[in-house]
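In what follows, a structure is listed as structure tokens, so that the remarks can point back to it.
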Amino acid sequence: MSQSKIANLNSKIRSYWPLIKSLQTGLLVSTGLAGYMSARCPIFNLGTMAGLFVSLMASISGSTILNMWWDRDIDAKMGRTQKRPLASGAIDPTEALRVGLVLSVLGVGLAVAMDALYGLIIFAGVFFDVVIYSMWLKRRTCWGIIWGGVSGGMPILAGRALGVGNLDWIGILLSFGILFWIPTHILTFSMRYFDDYKAAGVPTFPSTYGFAATRATIAISSIFAALAMGWAAWGIGMEIGYLRVLFVLSGGLLTLALVSVFRPTERVNFGLFKYASLYMLSSMFLMML
């Protein structure tokens, strides 16, 4: 390959990188790996692990690009998203649509080839995220985040199903842990960027029910997320030392959520947003260990 072609490829990859939301995608991929490793640890089948990683990375990246393609008009109206490649016109929408579809099909196709149940769950995640959440509900109701949460819980459920060969109560609990964690992540974000969402005409919990009700919802969902993750961790036989670490992490999440209710500030809200991601990533590492 010539130097010019390599340079063009690198430029294209850099332009698409923001479209896959690498941090969010990486977190979701880690949940899928944790779900699998919670059932099959230590891991000996590196081929299966590689297939799991590639199928999740491709399907999640593809669905994220499709979401960006669909939302490019509202992204152009919000200050924090105006410079995204599709919103700014840096990437052709038709090209992005094709890339998103190709990655999604490749990811789901590989997942189906590995295991039918695993592939079905991955497909469900893409469908709920792109069609149900983004295309149907996001611009109509703030409750669309529930379906966004369902799609967010699919990778860990899929990974667990691939490991045990069926749907079990632990996998379902793990997916509920993600589902209840989603509001902590999303609703704090929607309060921080309240004016942006209002300018774009996207209904959110703060714009529909007010900030106090949103903070209460975050606190309640955080409690359920911690309970679900703790119960699932006990179910997989997590050692007491790791359970203690998970307990401390959950305590930090609940403390910040309660502080945001009774002593709300912008700093606390943003701190809860950041800690929620750290909490979930740390929980996934504990599941892997």
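In the structure tokens, chains take letters A, B, ... by order of appearance, with residues numbered from 1 within each chain and ligands from 1 in the order shown.
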
Which polymer residues have any atom within 10 Å of an atom of segment 222-238 of chain A, counting only C-alpha atoms, with same-chain residues fewer than 5 positions away left out, as an MDAnalysis selection string? chainID A and resid 38:39 169:185 216:217 243:244 246:247 249:251 253:258 276 279:280 283:284 286:289

Can I get the selected residues back with N, CA and C atoms, as a compact mmCIF listing (two decimals), in the first residue's frame?
```txt
# COMPACT_ATOMS: atom_id res chain seq x y z
N SER A 38 -17.50 -14.07 33.55
CA SER A 38 -18.16 -14.45 34.80
C SER A 38 -18.62 -15.90 34.75
N ALA A 39 -18.78 -16.43 33.53
CA ALA A 39 -19.21 -17.81 33.36
C ALA A 39 -18.06 -18.74 33.04
N TRP A 169 -30.43 -16.59 35.39
CA TRP A 169 -30.86 -15.48 36.23
C TRP A 169 -29.73 -14.50 36.51
N ILE A 170 -28.49 -15.00 36.53
CA ILE A 170 -27.35 -14.10 36.76
C ILE A 170 -27.18 -13.14 35.58
N GLY A 171 -27.27 -13.67 34.36
CA GLY A 171 -27.15 -12.82 33.19
C GLY A 171 -28.24 -11.76 33.14
N ILE A 172 -29.45 -12.16 33.50
CA ILE A 172 -30.57 -11.21 33.52
C ILE A 172 -30.34 -10.13 34.58
N LEU A 173 -29.84 -10.54 35.76
CA LEU A 173 -29.54 -9.57 36.81
C LEU A 173 -28.46 -8.59 36.37
N LEU A 174 -27.43 -9.12 35.72
CA LEU A 174 -26.36 -8.25 35.23
C LEU A 174 -26.89 -7.22 34.24
N SER A 175 -27.79 -7.66 33.35
CA SER A 175 -28.35 -6.73 32.37
C SER A 175 -29.23 -5.69 33.06
N PHE A 176 -29.93 -6.10 34.14
CA PHE A 176 -30.72 -5.14 34.90
C PHE A 176 -29.82 -4.15 35.63
N GLY A 177 -28.65 -4.62 36.05
CA GLY A 177 -27.70 -3.71 36.67
C GLY A 177 -27.30 -2.59 35.72
N ILE A 178 -27.07 -2.95 34.45
CA ILE A 178 -26.77 -1.94 33.43
C ILE A 178 -27.98 -1.06 33.18
N LEU A 179 -29.16 -1.68 33.07
CA LEU A 179 -30.39 -0.92 32.81
C LEU A 179 -30.62 0.15 33.87
N PHE A 180 -30.43 -0.20 35.14
CA PHE A 180 -30.65 0.76 36.22
C PHE A 180 -29.49 1.75 36.35
N TRP A 181 -28.33 1.37 35.84
CA TRP A 181 -27.19 2.29 35.85
C TRP A 181 -27.34 3.37 34.80
N ILE A 182 -27.98 3.06 33.68
CA ILE A 182 -28.13 4.00 32.56
C ILE A 182 -28.70 5.35 33.01
N PRO A 183 -29.81 5.40 33.80
CA PRO A 183 -30.32 6.72 34.22
C PRO A 183 -29.30 7.55 34.99
N THR A 184 -28.48 6.89 35.83
CA THR A 184 -27.45 7.63 36.56
C THR A 184 -26.50 8.31 35.59
N HIS A 185 -26.18 7.62 34.52
CA HIS A 185 -25.25 8.15 33.52
C HIS A 185 -25.92 9.20 32.64
N ALA A 216 -34.20 12.50 42.11
CA ALA A 216 -34.78 11.39 42.87
C ALA A 216 -34.75 10.11 42.04
N THR A 217 -35.03 10.24 40.76
CA THR A 217 -34.99 9.08 39.87
C THR A 217 -33.58 8.50 39.80
N LEU A 243 -16.06 -8.83 46.75
CA LEU A 243 -17.39 -8.35 47.13
C LEU A 243 -17.28 -7.10 48.00
N ARG A 244 -16.28 -7.08 48.85
CA ARG A 244 -16.08 -5.90 49.71
C ARG A 244 -15.74 -4.68 48.87
N LEU A 246 -16.58 -4.21 45.75
CA LEU A 246 -17.81 -3.84 45.05
C LEU A 246 -18.76 -3.10 45.99
N PHE A 247 -18.80 -3.53 47.24
CA PHE A 247 -19.64 -2.87 48.24
C PHE A 247 -19.20 -1.42 48.46
N LEU A 249 -17.49 0.46 46.32
CA LEU A 249 -17.80 1.20 45.10
C LEU A 249 -19.28 1.56 45.04
N SER A 250 -20.14 0.61 45.40
CA SER A 250 -21.59 0.87 45.40
C SER A 250 -21.95 1.93 46.43
N GLY A 251 -21.25 1.89 47.58
CA GLY A 251 -21.50 2.91 48.60
C GLY A 251 -21.17 4.30 48.09
N LEU A 253 -21.31 5.27 44.96
CA LEU A 253 -22.35 5.64 43.99
C LEU A 253 -23.61 6.13 44.71
N LEU A 254 -24.03 5.38 45.73
CA LEU A 254 -25.24 5.76 46.47
C LEU A 254 -25.05 7.06 47.23
N THR A 255 -23.87 7.27 47.78
CA THR A 255 -23.61 8.51 48.52
C THR A 255 -23.71 9.72 47.61
N LEU A 256 -23.06 9.65 46.45
CA LEU A 256 -23.13 10.77 45.51
C LEU A 256 -24.56 11.00 45.02
N ALA A 257 -25.30 9.90 44.78
CA ALA A 257 -26.68 10.04 44.33
C ALA A 257 -27.54 10.74 45.38
N LEU A 258 -27.35 10.37 46.65
CA LEU A 258 -28.13 10.99 47.72
C LEU A 258 -27.72 12.45 47.93
N ALA A 276 -20.17 7.41 37.92
CA ALA A 276 -21.01 6.33 37.43
C ALA A 276 -20.27 5.47 36.41
N TYR A 279 -17.59 3.54 38.25
CA TYR A 279 -18.22 2.45 39.01
C TYR A 279 -18.50 1.25 38.12
N MET A 280 -19.08 1.49 36.94
CA MET A 280 -19.44 0.38 36.07
C MET A 280 -18.19 -0.30 35.51
N SER A 283 -16.67 -2.35 38.25
CA SER A 283 -17.48 -3.53 38.50
C SER A 283 -17.21 -4.62 37.48
N MET A 284 -17.03 -4.20 36.22
CA MET A 284 -16.75 -5.17 35.16
C MET A 284 -15.39 -5.84 35.37
N LEU A 286 -13.97 -6.35 38.25
CA LEU A 286 -14.14 -7.29 39.35
C LEU A 286 -14.81 -8.57 38.87
N MET A 287 -15.78 -8.45 37.96
CA MET A 287 -16.42 -9.63 37.39
C MET A 287 -15.41 -10.48 36.62
N MET A 288 -14.54 -9.83 35.89
CA MET A 288 -13.52 -10.56 35.13
C MET A 288 -12.54 -11.27 36.05
N LEU A 289 -12.20 -10.62 37.16
CA LEU A 289 -11.21 -11.19 38.07
C LEU A 289 -11.78 -12.35 38.89
```

Env of Ile91 of chain A: 12 Å cut, atoms = only C-alpha atoms, seq-sep filter 2 positions within chain, self excluded. Answer as an mmCIF file with C-alpha atoms, in the first residue's frame.
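Output saved as result24.cif:
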```
data_model
loop_
_atom_site.group_PDB
_atom_site.id
_atom_site.type_symbol
_atom_site.label_atom_id
_atom_site.label_comp_id
_atom_site.auth_asym_id
_atom_site.auth_seq_id
_atom_site.Cartn_x
_atom_site.Cartn_y
_atom_site.Cartn_z
ATOM 1 C CA SER A 11 -7.247 10.299 8.060
ATOM 2 C CA LYS A 12 -10.507 8.412 7.504
ATOM 3 C CA ILE A 13 -10.081 6.437 10.713
ATOM 4 C CA ARG A 14 -9.410 9.626 12.682
ATOM 5 C CA SER A 15 -12.523 11.258 11.225
ATOM 6 C CA TYR A 16 -14.704 8.266 12.094
ATOM 7 C CA TRP A 17 -13.276 7.750 15.572
ATOM 8 C CA PRO A 18 -15.568 10.341 17.226
ATOM 9 C CA LEU A 19 -18.582 8.706 15.567
ATOM 10 C CA ILE A 65 -22.576 5.457 13.808
ATOM 11 C CA MET A 68 -25.099 9.647 14.812
ATOM 12 C CA TRP A 69 -26.325 9.497 11.220
ATOM 13 C CA ARG A 72 -27.088 14.650 12.782
ATOM 14 C CA LYS A 83 -18.455 19.773 15.787
ATOM 15 C CA ARG A 84 -19.223 16.081 15.397
ATOM 16 C CA PRO A 85 -18.173 14.894 11.913
ATOM 17 C CA LEU A 86 -21.716 14.358 10.604
ATOM 18 C CA ALA A 87 -23.210 17.455 12.213
ATOM 19 C CA SER A 88 -20.406 19.648 10.855
ATOM 20 C CA GLY A 89 -20.463 18.070 7.398
ATOM 21 C CA PRO A 93 -24.029 11.124 5.520
ATOM 22 C CA THR A 94 -24.489 8.459 2.828
ATOM 23 C CA GLU A 95 -20.977 7.153 3.432
ATOM 24 C CA ALA A 96 -21.547 7.087 7.191
ATOM 25 C CA LEU A 97 -24.816 5.209 6.712
ATOM 26 C CA ARG A 98 -23.043 2.564 4.668
ATOM 27 C CA VAL A 99 -20.219 2.210 7.168
#
```

Within segment 44-251 of chain A, find each residue whose DSSP state, derived from the backbone, is alpha helix (DSSP H), and express the selection as a PyMOL selection string. chain A and resi 46-70+72-75+85-88+93-114+116-127+144-164+169-192+194-200+205-209+211-235+240-251

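The interatomic distance for the pair atom CA of Ala90 of chain A and atom CA of Ala76 of chain A works out to 12.2 Å.
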
All residues 10 Å or closer to segment 121-138 of chain A, only C-alpha atoms, same chain fewer than 2 positions away omitted, as a ChimeraX atom specification: /A:55-56,59-68,70-71,104-105,107-109,111-112,116-119,140-159,161-162,202-204

Deliver the residues from the most recent selection as a file, using N, CA and C atoms, as a compact mmCIF listing (two decimals), in the first residue's frame.
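Everything below was put into again-v8.txt:
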```txt
# COMPACT_ATOMS: atom_id res chain seq x y z
N SER A 55 -16.94 -9.01 17.47
CA SER A 55 -18.37 -8.92 17.19
C SER A 55 -19.02 -7.80 17.99
N LEU A 56 -18.63 -7.65 19.25
CA LEU A 56 -19.18 -6.56 20.06
C LEU A 56 -18.69 -5.20 19.56
N SER A 59 -20.49 -4.42 16.12
CA SER A 59 -21.92 -4.16 16.21
C SER A 59 -22.23 -2.90 17.00
N ILE A 60 -21.50 -2.67 18.11
CA ILE A 60 -21.74 -1.47 18.91
C ILE A 60 -21.28 -0.23 18.16
N SER A 61 -20.11 -0.30 17.53
CA SER A 61 -19.63 0.84 16.74
C SER A 61 -20.58 1.15 15.60
N GLY A 62 -21.05 0.11 14.91
CA GLY A 62 -21.97 0.30 13.80
C GLY A 62 -23.26 0.95 14.23
N SER A 63 -23.84 0.47 15.34
CA SER A 63 -25.09 1.06 15.81
C SER A 63 -24.89 2.50 16.27
N THR A 64 -23.73 2.79 16.86
CA THR A 64 -23.45 4.17 17.29
C THR A 64 -23.32 5.10 16.09
N ILE A 65 -22.67 4.65 15.03
CA ILE A 65 -22.58 5.46 13.81
C ILE A 65 -23.96 5.69 13.21
N LEU A 66 -24.81 4.65 13.22
CA LEU A 66 -26.17 4.81 12.70
C LEU A 66 -26.96 5.81 13.54
N ASN A 67 -26.77 5.78 14.86
CA ASN A 67 -27.42 6.77 15.72
C ASN A 67 -26.96 8.18 15.38
N MET A 68 -25.66 8.34 15.18
CA MET A 68 -25.10 9.65 14.81
C MET A 68 -25.65 10.10 13.46
N TRP A 70 -28.56 9.31 12.16
CA TRP A 70 -29.96 9.68 12.32
C TRP A 70 -30.11 11.01 13.07
N ASP A 71 -29.23 11.27 14.03
CA ASP A 71 -29.35 12.45 14.90
C ASP A 71 -28.52 13.64 14.43
N SER A 104 -22.46 -3.01 11.53
CA SER A 104 -23.53 -3.67 12.28
C SER A 104 -23.78 -5.07 11.75
N VAL A 105 -23.86 -5.20 10.44
CA VAL A 105 -24.11 -6.52 9.84
C VAL A 105 -22.94 -7.47 10.10
N GLY A 107 -20.81 -7.34 12.61
CA GLY A 107 -20.79 -7.69 14.03
C GLY A 107 -21.86 -8.72 14.37
N VAL A 108 -23.09 -8.48 13.91
CA VAL A 108 -24.18 -9.42 14.20
C VAL A 108 -23.93 -10.75 13.48
N GLY A 109 -23.45 -10.66 12.23
CA GLY A 109 -23.17 -11.88 11.47
C GLY A 109 -22.13 -12.76 12.15
N ALA A 111 -21.44 -12.73 15.32
CA ALA A 111 -22.03 -13.22 16.56
C ALA A 111 -22.92 -14.44 16.30
N VAL A 112 -23.72 -14.39 15.23
CA VAL A 112 -24.59 -15.52 14.88
C VAL A 112 -23.76 -16.74 14.52
N ALA A 116 -25.96 -19.02 18.00
CA ALA A 116 -27.24 -18.45 17.58
C ALA A 116 -27.86 -17.56 18.66
N LEU A 117 -27.86 -18.02 19.91
CA LEU A 117 -28.44 -17.23 21.00
C LEU A 117 -27.65 -15.95 21.22
N TYR A 118 -26.34 -16.08 21.22
CA TYR A 118 -25.47 -14.91 21.37
C TYR A 118 -25.76 -13.89 20.27
N GLY A 119 -25.86 -14.37 19.02
CA GLY A 119 -26.14 -13.48 17.90
C GLY A 119 -27.49 -12.83 17.99
N ARG A 140 -39.62 11.75 20.91
CA ARG A 140 -41.02 11.76 21.28
C ARG A 140 -41.26 11.78 22.79
N THR A 141 -40.41 11.07 23.53
CA THR A 141 -40.65 10.95 24.97
C THR A 141 -39.34 10.76 25.72
N CYS A 142 -39.28 11.30 26.91
CA CYS A 142 -38.08 11.14 27.74
C CYS A 142 -37.93 9.70 28.23
N TRP A 143 -39.02 8.94 28.15
CA TRP A 143 -38.97 7.54 28.61
C TRP A 143 -38.27 6.64 27.61
N GLY A 144 -37.86 7.19 26.48
CA GLY A 144 -37.11 6.41 25.52
C GLY A 144 -35.81 5.86 26.08
N ILE A 145 -35.28 6.52 27.14
CA ILE A 145 -34.01 6.05 27.71
C ILE A 145 -34.14 4.65 28.31
N ILE A 146 -35.37 4.24 28.63
CA ILE A 146 -35.57 2.88 29.14
C ILE A 146 -35.12 1.87 28.09
N TRP A 147 -35.53 2.12 26.83
CA TRP A 147 -35.14 1.21 25.76
C TRP A 147 -33.66 1.37 25.42
N GLY A 148 -33.14 2.58 25.62
CA GLY A 148 -31.70 2.75 25.48
C GLY A 148 -30.97 1.94 26.54
N GLY A 149 -31.55 1.88 27.75
CA GLY A 149 -30.97 1.08 28.81
C GLY A 149 -31.04 -0.40 28.53
N VAL A 150 -32.16 -0.83 27.93
CA VAL A 150 -32.30 -2.25 27.55
C VAL A 150 -31.21 -2.63 26.56
N SER A 151 -31.00 -1.77 25.55
CA SER A 151 -29.95 -2.08 24.57
C SER A 151 -28.57 -2.08 25.22
N GLY A 152 -28.37 -1.19 26.21
CA GLY A 152 -27.09 -1.14 26.91
C GLY A 152 -26.83 -2.39 27.73
N GLY A 153 -27.91 -3.08 28.14
CA GLY A 153 -27.76 -4.31 28.92
C GLY A 153 -27.56 -5.55 28.08
N MET A 154 -27.70 -5.43 26.76
CA MET A 154 -27.58 -6.60 25.90
C MET A 154 -26.17 -7.18 25.81
N PRO A 155 -25.10 -6.36 25.74
CA PRO A 155 -23.76 -6.97 25.64
C PRO A 155 -23.40 -7.88 26.80
N ILE A 156 -23.70 -7.46 28.03
CA ILE A 156 -23.35 -8.31 29.18
C ILE A 156 -24.22 -9.55 29.22
N LEU A 157 -25.49 -9.40 28.83
CA LEU A 157 -26.39 -10.56 28.75
C LEU A 157 -25.91 -11.53 27.68
N ALA A 158 -25.48 -10.99 26.54
CA ALA A 158 -24.98 -11.82 25.44
C ALA A 158 -23.71 -12.55 25.85
N GLY A 159 -22.79 -11.85 26.49
CA GLY A 159 -21.55 -12.48 26.92
C GLY A 159 -21.80 -13.61 27.91
N ALA A 161 -24.60 -15.34 28.19
CA ALA A 161 -25.28 -16.42 27.46
C ALA A 161 -24.28 -17.24 26.64
N LEU A 162 -23.30 -16.57 26.05
CA LEU A 162 -22.27 -17.28 25.29
C LEU A 162 -21.46 -18.18 26.21
N VAL A 202 -35.34 17.99 22.13
CA VAL A 202 -35.32 16.60 22.58
C VAL A 202 -35.88 16.55 24.00
N PRO A 203 -36.98 15.82 24.23
CA PRO A 203 -37.55 15.73 25.59
C PRO A 203 -36.63 14.96 26.53
N THR A 204 -36.42 15.49 27.71
CA THR A 204 -35.60 14.85 28.72
C THR A 204 -36.36 14.81 30.04
```

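Atom CA of Gly79 of chain A to atom CA of Leu103 of chain A spans 28.3 Å [interatomic distance, one decimal].
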
note - atom CA of Gly47 of chain A and atom CA of Gly26 of chain A are separated by 19.5 Å

Please tabulate, as a Markdown table, the residues of segment 203-236 of chain A that come within 10 Å of segment 262-274 of chain A, each with its closest pair of atoms and the distance in Å to one decimal, counting only C-alpha atoms and ordering rows by chain, then residue number upward.
```
| residue | atom | partner | partner_atom | distance |
| --- | --- | --- | --- | --- |
| A:Phe211 | CA | A:Pro264 | CA | 9.5 |
| A:Ala212 | CA | A:Pro264 | CA | 9.0 |
| A:Arg215 | CA | A:Pro264 | CA | 8.4 |
| A:Ala216 | CA | A:Phe262 | CA | 9.4 |
| A:Ile218 | CA | A:Leu272 | CA | 9.7 |
```

Export, as a compact mmCIF listing (two decimals), in the first residue's frame, the selected residues with N, CA and C atoms.
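The result, stored in again30.txt:
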```txt
# COMPACT_ATOMS: atom_id res chain seq x y z
N PHE A 211 -35.94 19.17 37.76
CA PHE A 211 -34.65 18.70 38.26
C PHE A 211 -34.78 17.87 39.54
N ALA A 212 -35.70 18.24 40.43
CA ALA A 212 -35.84 17.52 41.69
C ALA A 212 -36.27 16.08 41.44
N ARG A 215 -33.38 14.07 39.95
CA ARG A 215 -32.39 13.65 40.94
C ARG A 215 -32.91 12.48 41.77
N ALA A 216 -34.20 12.50 42.11
CA ALA A 216 -34.78 11.39 42.87
C ALA A 216 -34.75 10.11 42.04
N ILE A 218 -32.59 9.38 39.73
CA ILE A 218 -31.19 8.93 39.70
C ILE A 218 -30.85 8.17 40.97
```

Residue contacts of Ser190 of chain A (8 Å, only C-alpha atoms) excluding same-chain residues fewer than 6 positions away, as a list in words: Tyr197, Thr204, Phe205 and Pro206 of chain A

Please save N, CA and C atoms of the selected residues as a PDB file, in the first residue's frame.
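Saved the output as again28.pdb:
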```pdb
ATOM      1  N   TYR A 197     -30.263  20.310  25.018  1.00  0.00           N
ATOM      2  CA  TYR A 197     -31.371  19.430  24.655  1.00  0.00           C
ATOM      3  C   TYR A 197     -32.650  20.225  24.384  1.00  0.00           C
ATOM      4  N   THR A 204     -36.416  15.494  27.712  1.00  0.00           N
ATOM      5  CA  THR A 204     -35.596  14.845  28.723  1.00  0.00           C
ATOM      6  C   THR A 204     -36.360  14.814  30.040  1.00  0.00           C
ATOM      7  N   PHE A 205     -35.871  14.045  30.996  1.00  0.00           N
ATOM      8  CA  PHE A 205     -36.496  14.011  32.318  1.00  0.00           C
ATOM      9  C   PHE A 205     -36.492  15.400  32.969  1.00  0.00           C
ATOM     10  N   PRO A 206     -35.367  16.138  32.947  1.00  0.00           N
ATOM     11  CA  PRO A 206     -35.395  17.472  33.559  1.00  0.00           C
ATOM     12  C   PRO A 206     -36.408  18.416  32.915  1.00  0.00           C
TER      13      PRO A 206
END
```

Distance criterion (only C-alpha atoms): nearest to Thr48 of chain A out of A:Gly35, A:Gly163, A:Lys77, A:Ser22: A:Gly163

Could you give me, as a CSV table (one decimal) with C-alpha atoms, in the first residue's frame, the residues within 9 Å of Thr214 of chain A, counting only C-alpha atoms and dropping anything in the same chain fewer than 4 positions from it?
```csv
chain,number,residue,atom,x,y,z
A,187,LEU,CA,-29.9,11.8,33.4
A,188,THR,CA,-26.9,13.6,35.1
A,191,MET,CA,-29.2,18.1,33.5
A,205,PHE,CA,-36.5,14.0,32.3
A,206,PRO,CA,-35.4,17.5,33.6
A,209,TYR,CA,-40.5,16.4,35.3
A,210,GLY,CA,-38.1,19.0,36.6
A,218,ILE,CA,-31.2,8.9,39.7
A,219,ALA,CA,-31.0,8.0,43.4
A,261,VAL,CA,-30.8,14.9,45.9
```
